[in-house]
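Novice: Sharing a structure below in structure tokens format, with a few things to ask.
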Amino acid sequence: MLEKLIIQKTLRVPVSTGAAGDGTPVARQLDTALLDVGFSASRALLEHVGALAPGPAMDLAVTVVTAVRELVGDHVQHNAYFIGFPDDVPDTVEFWTDRLRAAVLTGGGTATEAQLREAVTSGGVNLLDLPGYGTYQHTYAELLAAHDALVAAAGDRVTLLRLGDTAEVEATRLYLALAGSVTPHGEADLAILGELAVACVDGPQPAEIPVRENRAVLNGIRLVLGRPLVAVDTTTDVLRLACQVSDGDPSLRTPTRFRAFRRPERRMLLAALDQVVSASPAKLGDVARYAERWKRLGERLHPHEYAQWPHAQQVFAVARGERRVPNLAGRAEAAIRSGAVAPAASVLSAAPGLLLRSADRLLRLASAAERTTVVDVVAGALGSASGRVLLSLREHVDNRLTPASVRMYASRSRNSWVGPDERPPLPADLVAELSALLDAEIAARLPEPERPLLVDPEVLDVALPLTGKAAEGGFAVLPRGSRASVSGELLRFFTYWRQSSRRTDYDLSVLLLDDGFHSAGQVSWTNYRHDGVVHSGDITDAKNGATEFIDVPLTVSGRYVVPQVNIYAGESFDEVAESMFGYQTRTRDQRGAPFDARTVRARSHLRGQGRVALPMVFARNAHGWQAVWLHLYLRGMPSFNRVEGNTFTTADRVRALVERRYLTMAYLVDRWRTKAKVTMWDGRLPDEPVTFVGIEAPEGLPAGSETYTLDRLSELIPG
């Protein structure tokens with residue numbers, strides 16, 4: 001439902017157009033139901049529900065509650081293997097011995113030590129296949145009956161839901177924001193954009209669509225529906241579009257098997273290609289990079305049948321090698337190889353984004369005589385590059401004064417590799433000069449606020465959302481490198497998965513690291529307890545869904561607590577019907593209670609490419625604990641992944657990310673201080689309208705205020 005999608009993405013509830021009446025009892029029930037899952041309804045929302053007839057009021061209430069329960073992972077039953085968890089969890093070896101005894105019992109008697117030794121030494125025992133292992137031995141209702149209800153605590157999360165406009169208005173607003181975003185989206189937001197593009201295809205369209213993957217999503221809908229294509233200005237835009245409508249990869253990271261195209265679709269694609277090349281023949285230089293894919297696409301489009309579009313036919317001639325067209329990057333690379341670094345920079349100045357992404361390499365390779373020229377070329381390109389590229393370069397140079405202890409490469413699919421940082425550092429005076437140039441250009445692009453800025457201090461440590469590729473969808477999910485303070489006395493991690501067609505075993509584990517990023521212990525299905533950390537028990541089949549928990553007291557001795565999800569067997573994160581990770585914070589009085597949505601601080605999807613997921617790390621500093629978002633996946637092995645097998649690779653990635661200096665919202669706020677009055681929010685409501693920037697906005701801001709919360713922070717990135 002469109003309404004549910006809007007609620008989950010924006011925390012705004014579309015106005016119902018149902019009949020008026022007395023829905024006051026339903027409004028009271030809604031208020032209670034929302035509080036039970038850690039949400040509250042604004043006064044305007046409750047008044048709106050109360051003014052509806054009972055039928056429409058109940059329909060709206062059900063939609064709202066269903067949406068928020070899914071958002072925090074409360075729409076499924078989170079059962080634990082050990083019914084008494086976190087108490088009554090046995091010693092790991094004792095538990096396995098007990099299961100082994102059950103396997104070799106004869107005649108109802110008790111297995112002897114000799115029988116157990118014989119069973120083990122015979123080599124025919126699979127611990128995971130022992131009787132009662134890995135499958136629930138009690139129902140979810142029995143689990144709830146064995147525990148008291150959660151005791152409410154002052155620190156429990158309460159997230160505010162606001163009343164929005166009609167579903168059509170909210171959908172259009174969200175569509176325009178997503179389609180016109182200056183930053184790329186992750187998989188979850190691209191899926192939302194696709195749904196909204198269908199609903200809004202004949203409505204208002206964004207003035208610009210800067211991100212090319214967004215263009216592919218929108219044009220994929222328009223191609224199928226026979227609407228004119230929008231914002232196609234390169235040959236690669238057409239290739240992305242063909243991949244999109246073939247259910248392939250519009251980012252072009254992986255090859256796509258193109259589907260058959262209907263004749264009207266072939267005409268639209270070839271006409272778009274012809275128009276691009278006729279307007280700028282130099283854009284044929286982009287074709288060689290994806291030559292094999294163009295050849296495969298040509299087999300589907302049959303360009304030789306359409307003589308009216310000769311420029312489109314040239315694209316496939318270049319792909320086949322019948323015509324050579326040098327591209328910009330190739331010319332620059334040739335200049336670099338010949339030692340002409342300054343001329344290479346001049347060549348790249350025609351593509352400001354590419355130049356700035358190459359700035360570090362050019363400056364490292366440039367001679368002392370050439371360096372000034374390269375800096376001048378880079379400075380001249382700042383005004384033409386996107387704000388996202390400027391901010392990325394600003395973050396990059398901030399990390400180039402000294403070599404990194406570990407250098408990490410993270411792909412757009414959130415896979416990662418680490419290696420030594422063999423680059424010589426950039427000189428301090430050069431870093432200072434580049435930083436000053438970038439700061440001035442970024443500050444100049446920030447819009448002039450119409451109202452004073454009121455900033456929640458909690459948002460300052462959120463990494464700038466320069467790309468949605470570095471994050472997952474979910475609830476209260478922050479970009480990679482973001483930090484959030486952790487309250488409470490106990491962390492509880494949870495992972496849930498439900499297999500699609502074959503037996504699937506995911507394993508929630510925790511790796512503890514010391515100050516030097518060395519292993520300080522682990523808790524997993526092979527070790528249920530360590531230093532107060534407790535595992536809920538191993539589930540090895542998730543036909544009807546399965547959950548594993550780990551409780552971590554914040555008195556644990558490790559410096560870093562790293563939860564991870566390992567695929568031991570079965571379907572990947574992309575194949576399962578559903579998978580998620582989340583964490584809760586609790587007081588000691590809440591320790592033994594089962595899953596409760598009110599204590600969920602964040603919940604993210606697990607949909608990456610890899611066999612080991614590293615959602616986040618929890619780090620202790622002088623002021624307490626912080627959650628640091630990782631959003632990384634390790635390739636791992638096809639099967640049998642365990643925390644013991646990836647200790648070093650996990651530690652390297654944690655170290656690389658924790659030690660990196662990310663550009664955060666604090667940087668943008670500091671740039672704004674030269675343009676507007678900036679005040680840190682202390683919990684008191686202002687008297688005059690403000691522009692509020694925070695994780696979520698408080699209720700009761702003066703009329704005329706504008707809010708930039710977690711779902712809108714990317715809108716603050718300058719274009």
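In the structure tokens, each chain is lettered A, B, ... as it comes, each chain's residues begin at 1, and ligands are numbered from 1 in order of appearance.
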Give me, as a PyMOL selection string, all polymer residues having an atom no more than 9 Å from Arg293 (chain A), counting only C-alpha atoms and skipping those fewer than 3 positions away in the same chain.

Specialist: chain A and resi 239+255-257+290+296-298+319

Novice: Tell me which protein, DNA and RNA residues are within 9 Å of Val238 (chain A), counting only C-alpha atoms, leaving out same-chain ones fewer than 6 positions away, and put them as a PyMOL selection string.

Specialist: chain A and resi 216+232+269-270+272-273

Novice: Find the distance between CA of Phe261 (chain A) and CA of Pro228 (chain A) and write it in Å to one decimal.

Specialist: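 Computing it gives 16.4 Å between the two atoms.
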
Novice: Please, which residues of region 276-382 of chain A, numbered as in this document, come out alpha helix (DSSP H) from DSSP, as a PyMOL selection string?

Specialist: chain A and resi 276-279+291-301+310-319+328-337+341-348+352-357+359-365+368-381

Novice: Please determine, counting only C-alpha atoms, which residue among A:Pro427, A:Pro206, A:Pro90, A:Gly474 has the shortest atom-to-atom distance to Ser579 (chain A).

Specialist: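 Counting only C-alpha atoms, the residue closest to Ser579 (chain A) is A:Gly474.
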
Novice: Could you list, as a VMD selection string, every residue within 8 Å of region 683-692 of chain A, counting only C-alpha atoms and ignoring same-chain residues fewer than 6 positions away?

Specialist: chain A and resid 449 451 to 456 700 to 709

Novice: Let me see the file: selected residues, N, CA and C atoms, as a PDB file, in the first residue's frame.

Specialist:
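Result file is result.pdb:
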```pdb
ATOM      1  N   PRO A 449      19.572  30.270   4.672  1.00  0.00           N
ATOM      2  CA  PRO A 449      18.384  29.894   5.446  1.00  0.00           C
ATOM      3  C   PRO A 449      17.461  31.087   5.662  1.00  0.00           C
ATOM      4  N   ARG A 451      15.307  31.109   8.043  1.00  0.00           N
ATOM      5  CA  ARG A 451      15.044  31.162   9.481  1.00  0.00           C
ATOM      6  C   ARG A 451      16.329  30.772  10.216  1.00  0.00           C
ATOM      7  N   PRO A 452      16.426  31.060  11.501  1.00  0.00           N
ATOM      8  CA  PRO A 452      17.580  30.588  12.277  1.00  0.00           C
ATOM      9  C   PRO A 452      17.637  29.064  12.280  1.00  0.00           C
ATOM     10  N   LEU A 453      18.839  28.518  12.366  1.00  0.00           N
ATOM     11  CA  LEU A 453      19.014  27.074  12.420  1.00  0.00           C
ATOM     12  C   LEU A 453      19.003  26.604  13.876  1.00  0.00           C
ATOM     13  N   LEU A 454      18.185  25.597  14.149  1.00  0.00           N
ATOM     14  CA  LEU A 454      18.148  24.956  15.457  1.00  0.00           C
ATOM     15  C   LEU A 454      18.604  23.520  15.243  1.00  0.00           C
ATOM     16  N   VAL A 455      19.725  23.155  15.845  1.00  0.00           N
ATOM     17  CA  VAL A 455      20.379  21.880  15.549  1.00  0.00           C
ATOM     18  C   VAL A 455      20.392  21.000  16.791  1.00  0.00           C
ATOM     19  N   ASP A 456      19.904  19.770  16.624  1.00  0.00           N
ATOM     20  CA  ASP A 456      19.969  18.776  17.693  1.00  0.00           C
ATOM     21  C   ASP A 456      21.406  18.257  17.759  1.00  0.00           C
ATOM     22  N   GLY A 700       5.549  20.381  18.389  1.00  0.00           N
ATOM     23  CA  GLY A 700       5.277  21.700  18.921  1.00  0.00           C
ATOM     24  C   GLY A 700       6.170  22.804  18.401  1.00  0.00           C
ATOM     25  N   LEU A 701       6.945  22.557  17.331  1.00  0.00           N
ATOM     26  CA  LEU A 701       7.720  23.648  16.747  1.00  0.00           C
ATOM     27  C   LEU A 701       6.767  24.720  16.223  1.00  0.00           C
ATOM     28  N   PRO A 702       7.142  25.985  16.297  1.00  0.00           N
ATOM     29  CA  PRO A 702       6.246  27.057  15.841  1.00  0.00           C
ATOM     30  C   PRO A 702       5.834  26.885  14.387  1.00  0.00           C
ATOM     31  N   ALA A 703       4.634  27.308  14.074  1.00  0.00           N
ATOM     32  CA  ALA A 703       4.137  27.250  12.701  1.00  0.00           C
ATOM     33  C   ALA A 703       5.095  27.999  11.778  1.00  0.00           C
ATOM     34  N   GLY A 704       5.307  27.439  10.598  1.00  0.00           N
ATOM     35  CA  GLY A 704       6.235  28.029   9.654  1.00  0.00           C
ATOM     36  C   GLY A 704       7.638  27.466   9.742  1.00  0.00           C
ATOM     37  N   SER A 705       7.885  26.586  10.729  1.00  0.00           N
ATOM     38  CA  SER A 705       9.206  25.960  10.852  1.00  0.00           C
ATOM     39  C   SER A 705       9.383  24.896   9.777  1.00  0.00           C
ATOM     40  N   GLU A 706      10.626  24.652   9.396  1.00  0.00           N
ATOM     41  CA  GLU A 706      10.935  23.568   8.477  1.00  0.00           C
ATOM     42  C   GLU A 706      11.852  22.593   9.183  1.00  0.00           C
ATOM     43  N   THR A 707      11.664  21.299   8.923  1.00  0.00           N
ATOM     44  CA  THR A 707      12.457  20.285   9.606  1.00  0.00           C
ATOM     45  C   THR A 707      13.233  19.446   8.605  1.00  0.00           C
ATOM     46  N   TYR A 708      14.488  19.192   8.933  1.00  0.00           N
ATOM     47  CA  TYR A 708      15.325  18.260   8.190  1.00  0.00           C
ATOM     48  C   TYR A 708      15.726  17.153   9.160  1.00  0.00           C
ATOM     49  N   THR A 709      15.047  16.024   9.046  1.00  0.00           N
ATOM     50  CA  THR A 709      15.312  14.891   9.913  1.00  0.00           C
ATOM     51  C   THR A 709      15.996  13.793   9.115  1.00  0.00           C
TER      52      THR A 709
END
```

Novice: Could you tell me which of A:Arg331, A:Arg603, A:Arg12, A:Arg394 comes closest to Glu433 (chain A) if we count only C-alpha atoms?

Specialist: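 For Glu433 (chain A), the nearest of the candidates is A:Arg394.
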
Novice: Between A:Gly516, A:Gly353, A:Gly21, A:Gly38, which has the minimum distance to Ala154 (chain A) (counting only C-alpha atoms)?

Specialist: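 Closest to Ala154 (chain A) of all the choices is A:Gly38.
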
Novice: Within 7 Å of region 656-662 of chain A, counting only C-alpha atoms, which residues qualify if same-chain residues fewer than 5 places away don't, as a ChimeraX atom specification?

Specialist: /A:395,399,406-408,463,481

Novice: Please produce a file of the residues just selected, as a PDB file, in the first residue's frame, where the atoms kept are N, CA, C and O atoms.

Specialist:
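result_16.pdb, freshly written:
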```pdb
ATOM      1  N   GLU A 395      36.589  15.191   2.468  1.00  0.00           N
ATOM      2  CA  GLU A 395      36.797  14.108   3.428  1.00  0.00           C
ATOM      3  C   GLU A 395      38.084  13.362   3.114  1.00  0.00           C
ATOM      4  O   GLU A 395      38.846  12.988   4.021  1.00  0.00           O
ATOM      5  N   ASN A 399      42.061  12.897   5.380  1.00  0.00           N
ATOM      6  CA  ASN A 399      42.650  11.634   5.824  1.00  0.00           C
ATOM      7  C   ASN A 399      44.005  11.351   5.178  1.00  0.00           C
ATOM      8  O   ASN A 399      44.481  10.216   5.231  1.00  0.00           O
ATOM      9  N   VAL A 406      45.478   0.869   8.261  1.00  0.00           N
ATOM     10  CA  VAL A 406      44.918  -0.122   7.348  1.00  0.00           C
ATOM     11  C   VAL A 406      44.081   0.637   6.332  1.00  0.00           C
ATOM     12  O   VAL A 406      43.271   1.484   6.698  1.00  0.00           O
ATOM     13  N   ARG A 407      44.285   0.357   5.063  1.00  0.00           N
ATOM     14  CA  ARG A 407      43.491   1.011   4.033  1.00  0.00           C
ATOM     15  C   ARG A 407      42.372   0.083   3.588  1.00  0.00           C
ATOM     16  O   ARG A 407      42.619  -1.075   3.250  1.00  0.00           O
ATOM     17  N   MET A 408      41.147   0.581   3.600  1.00  0.00           N
ATOM     18  CA  MET A 408      39.994  -0.236   3.238  1.00  0.00           C
ATOM     19  C   MET A 408      39.358   0.303   1.966  1.00  0.00           C
ATOM     20  O   MET A 408      39.233   1.509   1.772  1.00  0.00           O
ATOM     21  N   ALA A 463      27.419  10.838   9.767  1.00  0.00           N
ATOM     22  CA  ALA A 463      28.228  11.040   8.564  1.00  0.00           C
ATOM     23  C   ALA A 463      27.355  11.603   7.452  1.00  0.00           C
ATOM     24  O   ALA A 463      26.186  11.236   7.313  1.00  0.00           O
ATOM     25  N   GLY A 481      29.977   5.080   8.992  1.00  0.00           N
ATOM     26  CA  GLY A 481      30.857   6.005   9.688  1.00  0.00           C
ATOM     27  C   GLY A 481      30.153   6.882  10.703  1.00  0.00           C
ATOM     28  O   GLY A 481      30.812   7.574  11.486  1.00  0.00           O
TER      29      GLY A 481
END
```
